[in-house]
file model-v1.tsv (TSV, C-alpha atoms)
chain	number	residue	atom	x	y	z
A	211	MET	CA	0.00	0.00	0.00
A	212	TRP	CA	1.39	3.38	-1.00
A	213	SER	CA	0.96	6.62	0.87
A	214	ALA	CA	-0.63	9.66	-0.76
A	215	VAL	CA	2.80	11.31	-0.88
A	216	GLU	CA	4.31	8.34	-2.73
A	217	LEU	CA	1.48	8.41	-5.26
A	218	LEU	CA	1.95	12.15	-5.79
A	219	ILE	CA	5.69	11.64	-6.34
A	220	ALA	CA	4.98	8.85	-8.83
A	221	PHE	CA	2.49	11.11	-10.62
A	222	ALA	CA	5.05	13.93	-10.78
A	223	ILE	CA	7.75	11.58	-12.12
A	224	ALA	CA	5.47	10.27	-14.87
A	225	LEU	CA	4.26	13.78	-15.74
A	226	LEU	CA	7.71	15.41	-15.86
A	227	THR	CA	9.32	12.50	-17.72
A	228	ALA	CA	6.68	12.75	-20.45
A	229	ILE	CA	7.14	16.53	-20.61
A	230	ILE	CA	10.93	16.16	-20.88
A	231	THR	CA	11.06	13.27	-23.36
A	232	THR	CA	8.30	14.36	-25.76
A	233	PRO	CA	10.29	17.33	-27.21
A	234	ILE	CA	13.18	14.93	-27.79
A	235	ILE	CA	10.83	12.59	-29.64
A	236	ILE	CA	9.58	15.54	-31.72
A	237	TYR	CA	13.16	16.35	-32.71
A	238	VAL	CA	14.02	12.74	-33.55
A	239	SER	CA	10.77	12.26	-35.50
A	240	LYS	CA	11.46	15.27	-37.69
A	241	LYS	CA	15.13	14.42	-38.16
A	242	PHE	CA	14.33	10.91	-39.43
A	243	ASN	CA	11.12	11.97	-41.19
A	244	LEU	CA	8.89	9.97	-38.85
A	245	VAL	CA	6.03	12.35	-39.44
A	246	ASP	CA	2.35	12.22	-40.26
A	247	GLN	CA	1.82	13.78	-43.68
A	248	PRO	CA	-1.40	15.74	-44.36
A	249	ASP	CA	-3.99	14.39	-46.78
A	250	GLN	CA	-7.64	14.91	-47.68
A	251	ARG	CA	-8.89	12.89	-44.70
A	252	LYS	CA	-6.71	14.50	-42.03
A	253	GLN	CA	-7.14	17.85	-40.32
A	254	HIS	CA	-3.55	19.07	-40.11
A	255	GLN	CA	-2.10	21.13	-42.96
A	256	LYS	CA	1.59	20.32	-42.49
A	257	ALA	CA	3.71	17.36	-41.49
A	258	VAL	CA	3.52	16.66	-37.75
A	259	ALA	CA	5.85	14.49	-35.68
A	260	SER	CA	4.39	11.07	-34.98
A	261	ILE	CA	5.20	8.22	-32.54
A	262	GLY	CA	4.41	10.52	-29.58
A	263	GLY	CA	3.09	7.52	-27.69
A	264	LEU	CA	6.69	6.78	-26.79
A	265	GLY	CA	6.65	9.85	-24.54
A	266	ILE	CA	3.66	8.43	-22.67
A	267	PHE	CA	5.41	5.08	-22.35
A	268	PHE	CA	8.64	6.63	-21.05
A	269	GLY	CA	6.68	8.62	-18.46
A	270	ILE	CA	4.88	5.53	-17.21
A	271	ALA	CA	8.11	3.52	-17.17
A	272	ALA	CA	9.88	6.15	-15.04
A	273	GLY	CA	7.02	6.31	-12.56
A	274	PHE	CA	6.80	2.52	-12.55
A	275	PHE	CA	10.43	2.16	-11.48
A	276	TYR	CA	9.74	4.44	-8.53
A	277	LEU	CA	6.41	2.95	-7.48
A	278	GLN	CA	7.28	-0.69	-8.30
A	279	PRO	CA	3.69	-2.04	-8.28
A	280	GLU	CA	3.40	-5.78	-7.77
A	281	HIS	CA	0.90	-8.25	-9.19
A	282	PRO	CA	1.13	-11.97	-10.03
A	283	GLN	CA	0.62	-11.22	-13.74
A	284	MET	CA	2.68	-8.01	-13.86
A	285	THR	CA	5.40	-9.53	-16.07
A	286	ALA	CA	2.80	-10.63	-18.61
A	287	ILE	CA	1.12	-7.20	-18.46
A	288	ILE	CA	4.44	-5.48	-19.21
A	289	ILE	CA	5.29	-7.87	-22.06
A	290	GLY	CA	1.83	-7.38	-23.55
A	291	ALA	CA	2.19	-3.60	-23.25
A	292	ILE	CA	5.54	-3.66	-25.06
A	293	ILE	CA	4.13	-5.84	-27.87
A	294	MET	CA	1.15	-3.51	-28.27
A	295	LEU	CA	3.43	-0.46	-28.23
A	296	LEU	CA	5.77	-1.97	-30.83
A	297	THR	CA	2.81	-2.97	-33.01
A	298	GLY	CA	1.63	0.63	-33.06
A	299	PHE	CA	5.18	1.91	-33.56
A	300	MET	CA	5.77	-0.36	-36.55
A	301	ASP	CA	2.42	0.65	-38.03
A	302	ASP	CA	3.28	4.35	-37.67
A	303	ILE	CA	6.55	3.79	-39.53
A	304	PHE	CA	5.72	1.10	-42.10
A	305	ASP	CA	1.90	1.29	-42.36
A	306	LEU	CA	1.37	-2.39	-41.60
A	307	ARG	CA	-1.26	-4.46	-43.33
A	308	PRO	CA	-4.44	-4.86	-41.26
A	309	GLY	CA	-3.80	-8.57	-40.77
A	310	THR	CA	-0.25	-7.99	-39.53
A	311	LYS	CA	-1.42	-5.26	-37.19
A	312	LEU	CA	-4.17	-7.48	-35.82
A	313	LEU	CA	-1.66	-10.28	-35.28
A	314	GLY	CA	0.42	-8.00	-33.08
A	315	GLN	CA	-2.66	-7.03	-31.07
A	316	VAL	CA	-3.73	-10.66	-30.65
A	317	SER	CA	-0.20	-11.54	-29.52
A	318	ALA	CA	-0.23	-8.82	-26.85
A	319	ALA	CA	-3.68	-9.85	-25.60
A	320	SER	CA	-2.80	-13.55	-25.64
A	321	VAL	CA	0.25	-13.03	-23.43
A	322	VAL	CA	-2.02	-11.48	-20.81
A	323	ALA	CA	-4.83	-14.02	-21.16
A	324	TYR	CA	-2.61	-17.08	-20.96
A	325	SER	CA	-0.84	-15.67	-17.90
A	326	GLY	CA	-4.06	-16.16	-15.95
A	327	LEU	CA	-5.39	-12.59	-16.01
A	328	VAL	CA	-8.77	-13.31	-17.58
A	329	ILE	CA	-12.37	-12.20	-17.24
A	330	GLU	CA	-13.58	-15.03	-15.02
A	331	LYS	CA	-17.18	-13.99	-14.41
A	332	LEU	CA	-19.94	-11.59	-15.33
A	333	THR	CA	-22.72	-10.39	-13.07
A	334	LEU	CA	-26.12	-10.23	-14.75
A	335	PRO	CA	-29.44	-8.81	-13.50
A	336	PHE	CA	-31.98	-11.35	-12.26
A	337	ILE	CA	-29.43	-14.11	-12.82
A	338	GLY	CA	-26.50	-13.24	-10.60
A	339	THR	CA	-22.86	-14.14	-11.12
A	340	VAL	CA	-22.12	-16.25	-14.18
A	341	PHE	CA	-18.75	-17.97	-14.11
A	342	LEU	CA	-17.15	-18.37	-17.51
A	343	GLY	CA	-15.30	-21.45	-18.63
A	344	GLU	CA	-11.54	-21.29	-19.17
A	345	TYR	CA	-11.67	-20.99	-22.96
A	346	VAL	CA	-14.62	-18.60	-22.97
A	347	GLY	CA	-12.81	-16.42	-20.43
A	348	ILE	CA	-9.61	-16.38	-22.49
A	349	ALA	CA	-11.48	-15.59	-25.72
A	350	LEU	CA	-13.48	-12.79	-24.05
A	351	THR	CA	-10.32	-11.35	-22.52
A	352	ILE	CA	-8.49	-11.26	-25.85
A	353	PHE	CA	-11.53	-9.70	-27.52
A	354	TRP	CA	-11.87	-7.02	-24.82
A	355	ILE	CA	-8.21	-5.99	-24.99
A	356	ILE	CA	-8.26	-5.75	-28.79
A	357	ALA	CA	-11.62	-3.94	-28.80
A	358	ALA	CA	-10.51	-1.33	-26.26
A	359	ALA	CA	-7.21	-0.74	-28.06
A	360	ASN	CA	-8.92	-0.19	-31.39
A	361	ALA	CA	-11.69	1.94	-29.91
A	362	ILE	CA	-9.13	4.46	-28.63
A	363	ASN	CA	-7.19	4.21	-31.88
A	364	LEU	CA	-10.26	5.02	-34.00
A	365	ILE	CA	-11.14	8.11	-31.98
A	366	ASP	CA	-7.62	9.50	-32.34
A	367	GLY	CA	-8.57	11.94	-35.10
A	368	LEU	CA	-8.28	15.41	-33.54
A	369	ASP	CA	-5.53	17.06	-31.52
A	370	GLY	CA	-5.73	16.04	-27.87
A	371	LEU	CA	-8.81	13.85	-28.35
A	372	ALA	CA	-7.59	10.31	-27.67
A	373	GLY	CA	-5.26	11.45	-24.89
A	374	GLY	CA	-7.96	13.51	-23.18
A	375	VAL	CA	-10.66	10.83	-23.47
A	376	SER	CA	-8.19	8.24	-22.10
A	377	THR	CA	-7.24	10.52	-19.20
A	378	ILE	CA	-10.92	10.99	-18.30
A	379	ALA	CA	-11.34	7.21	-18.40
A	380	PHE	CA	-8.29	6.71	-16.17
A	381	ILE	CA	-9.59	9.29	-13.67
A	382	SER	CA	-12.99	7.57	-13.58
A	383	ILE	CA	-11.40	4.18	-13.00
A	384	LEU	CA	-9.09	5.71	-10.36
A	385	ILE	CA	-12.07	7.00	-8.38
A	386	MET	CA	-13.77	3.59	-8.55
A	387	ALA	CA	-10.53	1.86	-7.56
A	388	ILE	CA	-10.21	4.10	-4.50
A	389	MET	CA	-13.83	3.33	-3.54
A	390	ASP	CA	-13.25	-0.42	-3.98
A	391	TYR	CA	-9.74	-0.50	-2.42
A	392	ARG	CA	-8.10	-1.76	-5.63
A	393	VAL	CA	-4.59	-0.69	-4.69
A	394	ILE	CA	-2.79	-1.92	-7.82
A	395	VAL	CA	-5.32	-0.14	-10.04
A	396	VAL	CA	-4.85	3.10	-8.10
A	397	GLY	CA	-1.09	2.99	-8.64
A	398	LEU	CA	-1.30	2.23	-12.35
A	399	CYS	CA	-3.96	4.89	-12.94
A	400	VAL	CA	-1.81	7.53	-11.24
A	401	LEU	CA	1.07	6.70	-13.60
A	402	LEU	CA	-1.13	6.64	-16.69
A	403	ILE	CA	-2.80	9.94	-15.84
A	404	GLY	CA	0.51	11.66	-15.16
A	405	ALA	CA	2.23	10.46	-18.33
A	406	THR	CA	-0.76	11.19	-20.58
A	407	LEU	CA	-1.19	14.70	-19.18
A	408	GLY	CA	2.51	15.33	-19.77
A	409	PHE	CA	2.11	14.31	-23.41
A	410	LEU	CA	-1.04	16.41	-23.84
A	411	VAL	CA	1.01	19.55	-23.17
A	412	PHE	CA	2.34	19.09	-26.73
A	413	ASN	CA	-0.73	17.46	-28.26
A	414	PHE	CA	-3.44	20.07	-27.76
A	415	HIS	CA	-4.50	21.98	-30.87
A	416	PRO	CA	-2.43	22.93	-32.75
A	417	ALA	CA	-0.50	19.77	-31.96
A	418	LYS	CA	3.29	19.68	-32.11
A	419	ILE	CA	3.20	15.88	-32.09
A	420	PHE	CA	0.69	13.05	-32.52
A	421	MET	CA	0.62	9.97	-30.32
A	422	GLY	CA	0.09	7.81	-33.41
A	423	ASP	CA	-0.94	4.18	-33.21
A	424	THR	CA	2.06	3.87	-30.88
A	425	GLY	CA	0.19	5.75	-28.18
A	426	ALA	CA	-3.44	5.03	-29.07
A	427	LEU	CA	-3.10	1.24	-29.04
A	428	PHE	CA	-1.03	1.41	-25.87
A	429	LEU	CA	-3.60	3.58	-24.06
A	430	GLY	CA	-6.49	1.38	-25.17
A	431	TYR	CA	-4.57	-1.68	-23.99
A	432	SER	CA	-3.96	0.03	-20.64
A	433	ILE	CA	-7.65	0.85	-20.19
A	434	ALA	CA	-8.54	-2.79	-20.88
A	435	ILE	CA	-5.94	-4.11	-18.43
A	436	ILE	CA	-6.78	-1.85	-15.49
A	437	SER	CA	-10.49	-2.50	-15.98
A	438	MET	CA	-9.79	-6.22	-15.77
A	439	LEU	CA	-7.75	-5.70	-12.61
A	440	GLY	CA	-10.61	-3.82	-11.01
A	441	LEU	CA	-13.96	-3.31	-12.68
A	442	PHE	CA	-14.64	-6.83	-13.93
A	443	LYS	CA	-13.90	-8.08	-10.42
A	444	ASN	CA	-16.78	-6.06	-8.99
A	445	VAL	CA	-19.84	-7.95	-7.75
A	446	ALA	CA	-22.36	-5.22	-8.54
A	447	PHE	CA	-25.16	-5.84	-11.02
A	448	PHE	CA	-24.20	-5.28	-14.68
A	449	SER	CA	-20.51	-5.37	-13.69
A	450	PHE	CA	-19.55	-6.17	-17.28
A	451	VAL	CA	-21.16	-2.90	-18.46
A	452	ILE	CA	-19.06	-0.59	-16.28
A	453	PRO	CA	-15.83	-0.67	-18.35
A	454	ILE	CA	-17.88	-0.11	-21.50
A	455	ILE	CA	-19.60	2.94	-19.98
A	456	VAL	CA	-16.20	4.38	-19.05
A	457	ILE	CA	-15.20	4.49	-22.74
A	458	ALA	CA	-18.76	4.77	-24.07
A	459	LEU	CA	-17.96	7.24	-26.86
A	460	PRO	CA	-15.00	5.33	-28.35
A	461	VAL	CA	-17.07	2.13	-28.19
A	462	PHE	CA	-20.06	3.91	-29.77
A	463	ASP	CA	-17.89	5.30	-32.56
A	464	THR	CA	-16.28	1.92	-33.19
A	465	LEU	CA	-19.61	0.08	-33.40
A	466	LEU	CA	-20.98	2.66	-35.83
A	467	ALA	CA	-17.82	2.45	-37.93
A	468	ILE	CA	-18.12	-1.34	-38.18
A	469	ILE	CA	-21.81	-1.21	-39.10
A	470	ARG	CA	-21.24	1.61	-41.58
A	471	ARG	CA	-18.36	-0.11	-43.35
A	472	ILE	CA	-20.15	-3.44	-43.57
A	473	HIS	CA	-23.22	-1.68	-44.95
A	474	ASN	CA	-21.11	0.21	-47.47
A	475	ARG	CA	-19.18	-2.97	-48.35
A	476	GLN	CA	-15.92	-1.45	-47.23
A	477	GLY	CA	-13.08	-3.10	-45.40
A	478	ILE	CA	-13.44	-2.90	-41.61
A	479	SER	CA	-10.04	-1.23	-41.36
A	480	GLU	CA	-10.65	1.21	-44.24
A	481	ALA	CA	-10.41	4.80	-43.01
A	482	ASP	CA	-13.14	7.37	-43.65
A	483	ARG	CA	-14.33	10.79	-42.50
A	484	GLN	CA	-17.54	9.65	-40.82
A	485	HIS	CA	-16.28	9.34	-37.24
A	486	ILE	CA	-18.04	11.34	-34.54
A	487	HIS	CA	-15.31	13.99	-34.34
A	488	TYR	CA	-15.44	14.65	-38.08
A	489	ARG	CA	-19.22	15.02	-37.93
A	490	LEU	CA	-18.90	17.60	-35.17
A	491	LEU	CA	-16.56	19.59	-37.38
A	492	ARG	CA	-19.00	19.41	-40.28
A	493	ASN	CA	-21.76	20.62	-37.96
A	494	GLY	CA	-19.88	23.89	-37.58
A	495	TYR	CA	-17.95	23.33	-34.37
A	496	SER	CA	-14.31	24.36	-34.31
A	497	HIS	CA	-11.47	21.91	-33.75
A	498	ARG	CA	-11.19	22.78	-30.06
A	499	GLU	CA	-14.97	22.94	-29.56
A	500	SER	CA	-15.37	19.46	-31.03
A	501	VAL	CA	-12.73	18.08	-28.68
A	502	TRP	CA	-14.26	19.75	-25.63
A	503	ILE	CA	-17.74	18.50	-26.52
A	504	ILE	CA	-16.41	14.94	-26.57
A	505	TYR	CA	-14.53	15.62	-23.32
A	506	ALA	CA	-17.75	16.82	-21.68
A	507	PHE	CA	-19.73	13.75	-22.73
A	508	SER	CA	-16.83	11.50	-21.66
A	509	MET	CA	-16.92	13.11	-18.22
A	510	PHE	CA	-20.67	12.48	-18.08
A	511	PHE	CA	-20.25	8.80	-18.93
A	512	GLY	CA	-17.35	8.50	-16.49
A	513	ALA	CA	-19.55	9.93	-13.73
A	514	MET	CA	-22.33	7.51	-14.67
A	515	ALA	CA	-19.90	4.60	-14.44
A	516	ILE	CA	-18.80	5.71	-10.96
A	517	VAL	CA	-22.41	5.86	-9.73
A	518	PHE	CA	-23.20	2.62	-11.54
A	519	ASN	CA	-20.26	0.86	-9.89
A	520	ASN	CA	-21.89	0.25	-6.51
A	521	ALA	CA	-25.56	0.68	-7.41
A	522	GLN	CA	-28.28	-1.86	-6.67
A	523	LEU	CA	-30.38	-3.45	-9.40
A	524	MET	CA	-33.12	-0.83	-9.85
A	525	THR	CA	-30.64	2.05	-9.61
A	526	SER	CA	-28.39	0.30	-12.15
A	527	LEU	CA	-31.30	-0.05	-14.56
A	528	ALA	CA	-32.16	3.64	-14.14
A	529	ILE	CA	-28.56	4.72	-14.73
A	530	PHE	CA	-28.33	2.44	-17.73
A	531	CYS	CA	-31.35	4.21	-19.22
A	532	VAL	CA	-29.70	7.58	-18.55
A	533	VAL	CA	-26.56	6.36	-20.35
A	534	ILE	CA	-28.63	5.34	-23.38
A	535	LEU	CA	-30.29	8.77	-23.37
A	536	GLY	CA	-26.84	10.37	-23.13
A	537	ILE	CA	-25.66	8.47	-26.19
A	538	HIS	CA	-28.84	9.47	-28.03
A	539	PHE	CA	-28.35	13.13	-27.14
A	540	PHE	CA	-24.72	12.97	-28.23
A	541	SER	CA	-25.79	11.46	-31.55
A	542	ILE	CA	-28.08	14.45	-32.08
A	543	VAL	CA	-25.24	16.87	-31.31
A	544	CYS	CA	-23.10	15.03	-33.86
A	545	GLY	CA	-25.81	15.26	-36.49
A	546	ILE	CA	-26.62	11.55	-36.49
A	547	ARG	CA	-30.22	12.12	-37.36
A	548	SER	CA	-33.23	10.94	-39.41
A	549	GLY	CA	-36.01	10.60	-36.89
A	550	GLY	CA	-33.53	10.36	-34.06
A	551	LEU	CA	-32.40	6.92	-35.17
A	552	VAL	CA	-28.72	6.39	-34.50
A	553	LEU	CA	-28.49	3.77	-37.22
A	554	SER	CA	-29.04	6.48	-39.84
A	555	PHE	CA	-25.29	6.99	-39.39
A	556	ILE	CA	-24.69	4.04	-41.70
A	557	ASN	CA	-26.16	5.77	-44.74
A	558	LYS	CA	-23.72	5.69	-47.63
A	559	LYS	CA	-24.03	9.39	-48.35
A	560	ASP	CA	-25.46	12.18	-46.26
A	561	GLU	CA	-26.39	15.65	-47.39
A	562	VAL	CA	-22.90	16.97	-46.76
A	563	ASP	CA	-21.32	14.33	-48.95
A	564	LYS	CA	-23.79	15.09	-51.74
A	565	ARG	CA	-22.69	18.73	-51.78
A	566	ARG	CA	-19.06	17.76	-52.30

call {"tool": "encode", "arguments": {"input": "model-v1.tsv", "output": "structure tokens"}}
result
Amino acid sequence: MWSAVELLIAFAIALLTAIITTPIIIYVSKKFNLVDQPDQRKQHQKAVASIGGLGIFFGIAAGFFYLQPEHPQMTAIIIGAIIMLLTGFMDDIFDLRPGTKLLGQVSAASVVAYSGLVIEKLTLPFIGTVFLGEYVGIALTIFWIIAAANAINLIDGLDGLAGGVSTIAFISILIMAIMDYRVIVVGLCVLLIGATLGFLVFNFHPAKIFMGDTGALFLGYSIAIISMLGLFKNVAFFSFVIPIIVIALPVFDTLLAIIRRIHNRQGISEADRQHIHYRLLRNGYSHRESVWIIYAFSMFFGAMAIVFNNAQLMTSLAIFCVVILGIHFFSIVCGIRSGGLVLSFINKKDEVDKRR
């Protein structure tokens, strides 16, 4: 168990290390042309340094050496994190094929799952705790890690967006971990929050550096891992829903992207300009306004997850309805319309596209 002072020191180490190392990464990225070039789909108008996720990783690593958190599966968690980080790094540099990229993600998730850190049970309303078999638990764990990693990666389309949404998620999980006495989760969240905030100093609009897949996949992986260490262990009703509520907007955006691309007969990994942040821009909001709108809704869903965490059945059902209404309201703000039906988002062409 760490004292508050030790946690603050760890936070400061992670924060300052990210602040110190990120400018170095910017210099190295530009020197070796490891930059993100502008194109018709992207918002930036000039080449911007990529691989900024390394700064987040270095910050966490420095804080980790000070705090030295212990867990039976910590070695596997670290190995999985490095594989996920390297997968994103290689994709940022060489633009990996989707299958190769997925293989790296599966490898990272498999290391964790086969170490014994798996989703063992789900708590369902009116049924109670359902214990999963070994293979079902492993498969669900691998799916959750990959899904969370890609959800954060897909929302990484505006300056400061993925980092800010991830930080809000980490803060939400930190509060729940404190309430539930999940010491290891508290320590890891402190490091993740510190390092991500340090990186965001250089990533807010106009960004000096992007986190790239290097950072986005790593942050999504981290959210999945700490939720497994804490939230899936909770005995409250709908326990399996809590981690999803924490990252509700990235999950929402990912589901819509999958449905849209299947409907349009596109590849699942094929990029487009129909993500929620692009729609906010087309609705007239500025770059910063779009980011802050998503921040605000992320804070709302994070707060709902905290309340949901220890709620009884009827309260959980009520909060779940509020979450659904929140998603519906957000879809209206984004311009996902046609009678209020969210699935209208899958239309091949909307009015804006027709004017182009």

call {"tool": "residues_near_point", "arguments": {"input": "model-v1.tsv", "point": "(3.6, -4.8, -33.1)", "cutoff": "10 Å", "atoms": "only C-alpha atoms", "output": "PyMOL selection string"}}
result
chain A and resi 292-301+306+310-318+424+427

call {"tool": "closest_residue", "arguments": {"input": "model-v1.tsv", "among": "A:Ala259, A:Ile455, A:Val517, A:Ser376", "to": "Val533 (chain A)", "atoms": "all atoms listed in the file"}}
result
A:Ile455

call {"tool": "closest_residue", "arguments": {"input": "model-v1.tsv", "among": "A:Ala405, A:Ala372, A:Leu439, A:Ile534", "to": "Phe510 (chain A)", "atoms": "all atoms listed in the file"}}
result
A:Ile534

call {"tool": "closest_residue", "arguments": {"input": "model-v1.tsv", "among": "A:Gly545, A:Pro233, A:Gly430, A:Gly477", "to": "Ala358 (chain A)", "atoms": "all atoms listed in the file"}}
result
A:Gly430

call {"tool": "residues_around", "arguments": {"input": "model-v1.tsv", "residues": "Phe412 (chain A)", "least_positions_apart": "6", "cutoff": "10 Å", "atoms": "all atoms listed in the file", "output": "ChimeraX atom specification"}}
result
/A:228-229,232-233,236,262,369-370,418-421

call {"tool": "write_last_selection", "arguments": {"input": "model-v1.tsv", "atoms": "C-alpha atoms", "output": "PDB file, in the frame of the given file"}}
result
ATOM      1  CA  ALA A 228       6.680  12.750 -20.450  1.00  0.00           C
ATOM      2  CA  ILE A 229       7.140  16.530 -20.610  1.00  0.00           C
ATOM      3  CA  THR A 232       8.300  14.360 -25.760  1.00  0.00           C
ATOM      4  CA  PRO A 233      10.290  17.330 -27.210  1.00  0.00           C
ATOM      5  CA  ILE A 236       9.580  15.540 -31.720  1.00  0.00           C
ATOM      6  CA  GLY A 262       4.410  10.520 -29.580  1.00  0.00           C
ATOM      7  CA  ASP A 369      -5.530  17.060 -31.520  1.00  0.00           C
ATOM      8  CA  GLY A 370      -5.730  16.040 -27.870  1.00  0.00           C
ATOM      9  CA  LYS A 418       3.290  19.680 -32.110  1.00  0.00           C
ATOM     10  CA  ILE A 419       3.200  15.880 -32.090  1.00  0.00           C
ATOM     11  CA  PHE A 420       0.690  13.050 -32.520  1.00  0.00           C
ATOM     12  CA  MET A 421       0.620   9.970 -30.320  1.00  0.00           C
TER      13      MET A 421
END

call {"tool": "closest_residue", "arguments": {"input": "model-v1.tsv", "among": "A:Met514, A:Thr377, A:Ile546, A:Tyr495", "to": "Leu466 (chain A)", "atoms": "all atoms listed in the file"}}
result
A:Ile546

call {"tool": "closest_residue", "arguments": {"input": "model-v1.tsv", "among": "A:Ile287, A:Leu459, A:Ala417, A:Ile348", "to": "Ala506 (chain A)", "atoms": "only C-alpha atoms"}}
result
A:Leu459

call {"tool": "closest_residue", "arguments": {"input": "model-v1.tsv", "among": "A:Leu342, A:Ala224, A:Ile230, A:Leu371", "to": "Asn413 (chain A)", "atoms": "all atoms listed in the file"}}
result
A:Leu371

call {"tool": "atom_distance", "arguments": {"input": "model-v1.tsv", "atom1": "CA of Val543 (chain A)", "atom2": "CA of Arg489 (chain A)"}}
result
9.1 Å

call {"tool": "residues_around", "arguments": {"input": "model-v1.tsv", "residues": "Phe268 (chain A)", "least_positions_apart": "3", "cutoff": "7 Å", "atoms": "all atoms listed in the file", "output": "PDB file with C-alpha atoms, in the frame of the given file"}}
result
ATOM      1  CA  THR A 227       9.320  12.500 -17.720  1.00  0.00           C
ATOM      2  CA  ALA A 228       6.680  12.750 -20.450  1.00  0.00           C
ATOM      3  CA  LEU A 264       6.690   6.780 -26.790  1.00  0.00           C
ATOM      4  CA  GLY A 265       6.650   9.850 -24.540  1.00  0.00           C
ATOM      5  CA  ALA A 271       8.110   3.520 -17.170  1.00  0.00           C
ATOM      6  CA  ALA A 272       9.880   6.150 -15.040  1.00  0.00           C
TER       7      ALA A 272
END

call {"tool": "residues_around", "arguments": {"input": "model-v1.tsv", "residues": "Phe341 (chain A)", "least_positions_apart": "2", "cutoff": "8 Å", "atoms": "only C-alpha atoms", "output": "list of chain:residue names"}}
result
A:Glu330, A:Lys331, A:Leu332, A:Thr339, A:Gly343

call {"tool": "atom_distance", "arguments": {"input": "model-v1.tsv", "atom1": "CA of Leu334 (chain A)", "atom2": "CA of Asp463 (chain A)"}}
result
25.0 Å

call {"tool": "atom_distance", "arguments": {"input": "model-v1.tsv", "atom1": "CA of Val393 (chain A)", "atom2": "CA of Phe221 (chain A)"}}
result
15.0 Å

call {"tool": "build_atoms", "arguments": {"input": "model-v1.tsv", "residues": "region 500-514 of chain A", "atoms": "N, CA and C atoms", "output": "PDB file, in the frame of the given file"}}
result
ATOM      1  N   SER A 500     -15.034  20.872 -30.813  1.00  0.00           N
ATOM      2  CA  SER A 500     -15.370  19.460 -31.030  1.00  0.00           C
ATOM      3  C   SER A 500     -14.714  18.576 -29.980  1.00  0.00           C
ATOM      4  N   VAL A 501     -13.448  18.858 -29.697  1.00  0.00           N
ATOM      5  CA  VAL A 501     -12.730  18.080 -28.680  1.00  0.00           C
ATOM      6  C   VAL A 501     -13.358  18.266 -27.308  1.00  0.00           C
ATOM      7  N   TRP A 502     -13.692  19.498 -26.959  1.00  0.00           N
ATOM      8  CA  TRP A 502     -14.260  19.750 -25.630  1.00  0.00           C
ATOM      9  C   TRP A 502     -15.670  19.190 -25.492  1.00  0.00           C
ATOM     10  N   ILE A 503     -16.421  19.136 -26.568  1.00  0.00           N
ATOM     11  CA  ILE A 503     -17.740  18.500 -26.520  1.00  0.00           C
ATOM     12  C   ILE A 503     -17.592  17.012 -26.188  1.00  0.00           C
ATOM     13  N   ILE A 504     -16.636  16.358 -26.847  1.00  0.00           N
ATOM     14  CA  ILE A 504     -16.410  14.940 -26.570  1.00  0.00           C
ATOM     15  C   ILE A 504     -15.860  14.751 -25.162  1.00  0.00           C
ATOM     16  N   TYR A 505     -15.004  15.663 -24.705  1.00  0.00           N
ATOM     17  CA  TYR A 505     -14.530  15.620 -23.320  1.00  0.00           C
ATOM     18  C   TYR A 505     -15.710  15.676 -22.348  1.00  0.00           C
ATOM     19  N   ALA A 506     -16.626  16.615 -22.593  1.00  0.00           N
ATOM     20  CA  ALA A 506     -17.750  16.820 -21.680  1.00  0.00           C
ATOM     21  C   ALA A 506     -18.616  15.567 -21.596  1.00  0.00           C
ATOM     22  N   PHE A 507     -18.920  14.974 -22.737  1.00  0.00           N
ATOM     23  CA  PHE A 507     -19.730  13.750 -22.730  1.00  0.00           C
ATOM     24  C   PHE A 507     -18.953  12.596 -22.089  1.00  0.00           C
ATOM     25  N   SER A 508     -17.641  12.552 -22.297  1.00  0.00           N
ATOM     26  CA  SER A 508     -16.830  11.500 -21.660  1.00  0.00           C
ATOM     27  C   SER A 508     -16.853  11.639 -20.147  1.00  0.00           C
ATOM     28  N   MET A 509     -16.807  12.880 -19.660  1.00  0.00           N
ATOM     29  CA  MET A 509     -16.920  13.110 -18.220  1.00  0.00           C
ATOM     30  C   MET A 509     -18.280  12.647 -17.699  1.00  0.00           C
ATOM     31  N   PHE A 510     -19.325  12.917 -18.468  1.00  0.00           N
ATOM     32  CA  PHE A 510     -20.670  12.480 -18.080  1.00  0.00           C
ATOM     33  C   PHE A 510     -20.719  10.959 -17.956  1.00  0.00           C
ATOM     34  N   PHE A 511     -20.219  10.257 -18.968  1.00  0.00           N
ATOM     35  CA  PHE A 511     -20.250   8.800 -18.930  1.00  0.00           C
ATOM     36  C   PHE A 511     -19.339   8.253 -17.832  1.00  0.00           C
ATOM     37  N   GLY A 512     -18.217   8.921 -17.594  1.00  0.00           N
ATOM     38  CA  GLY A 512     -17.350   8.500 -16.490  1.00  0.00           C
ATOM     39  C   GLY A 512     -18.052   8.629 -15.159  1.00  0.00           C
ATOM     40  N   ALA A 513     -18.781   9.732 -14.972  1.00  0.00           N
ATOM     41  CA  ALA A 513     -19.550   9.930 -13.730  1.00  0.00           C
ATOM     42  C   ALA A 513     -20.632   8.873 -13.588  1.00  0.00           C
ATOM     43  N   MET A 514     -21.302   8.547 -14.705  1.00  0.00           N
ATOM     44  CA  MET A 514     -22.330   7.510 -14.670  1.00  0.00           C
ATOM     45  C   MET A 514     -21.737   6.153 -14.284  1.00  0.00           C
TER      46      MET A 514
END
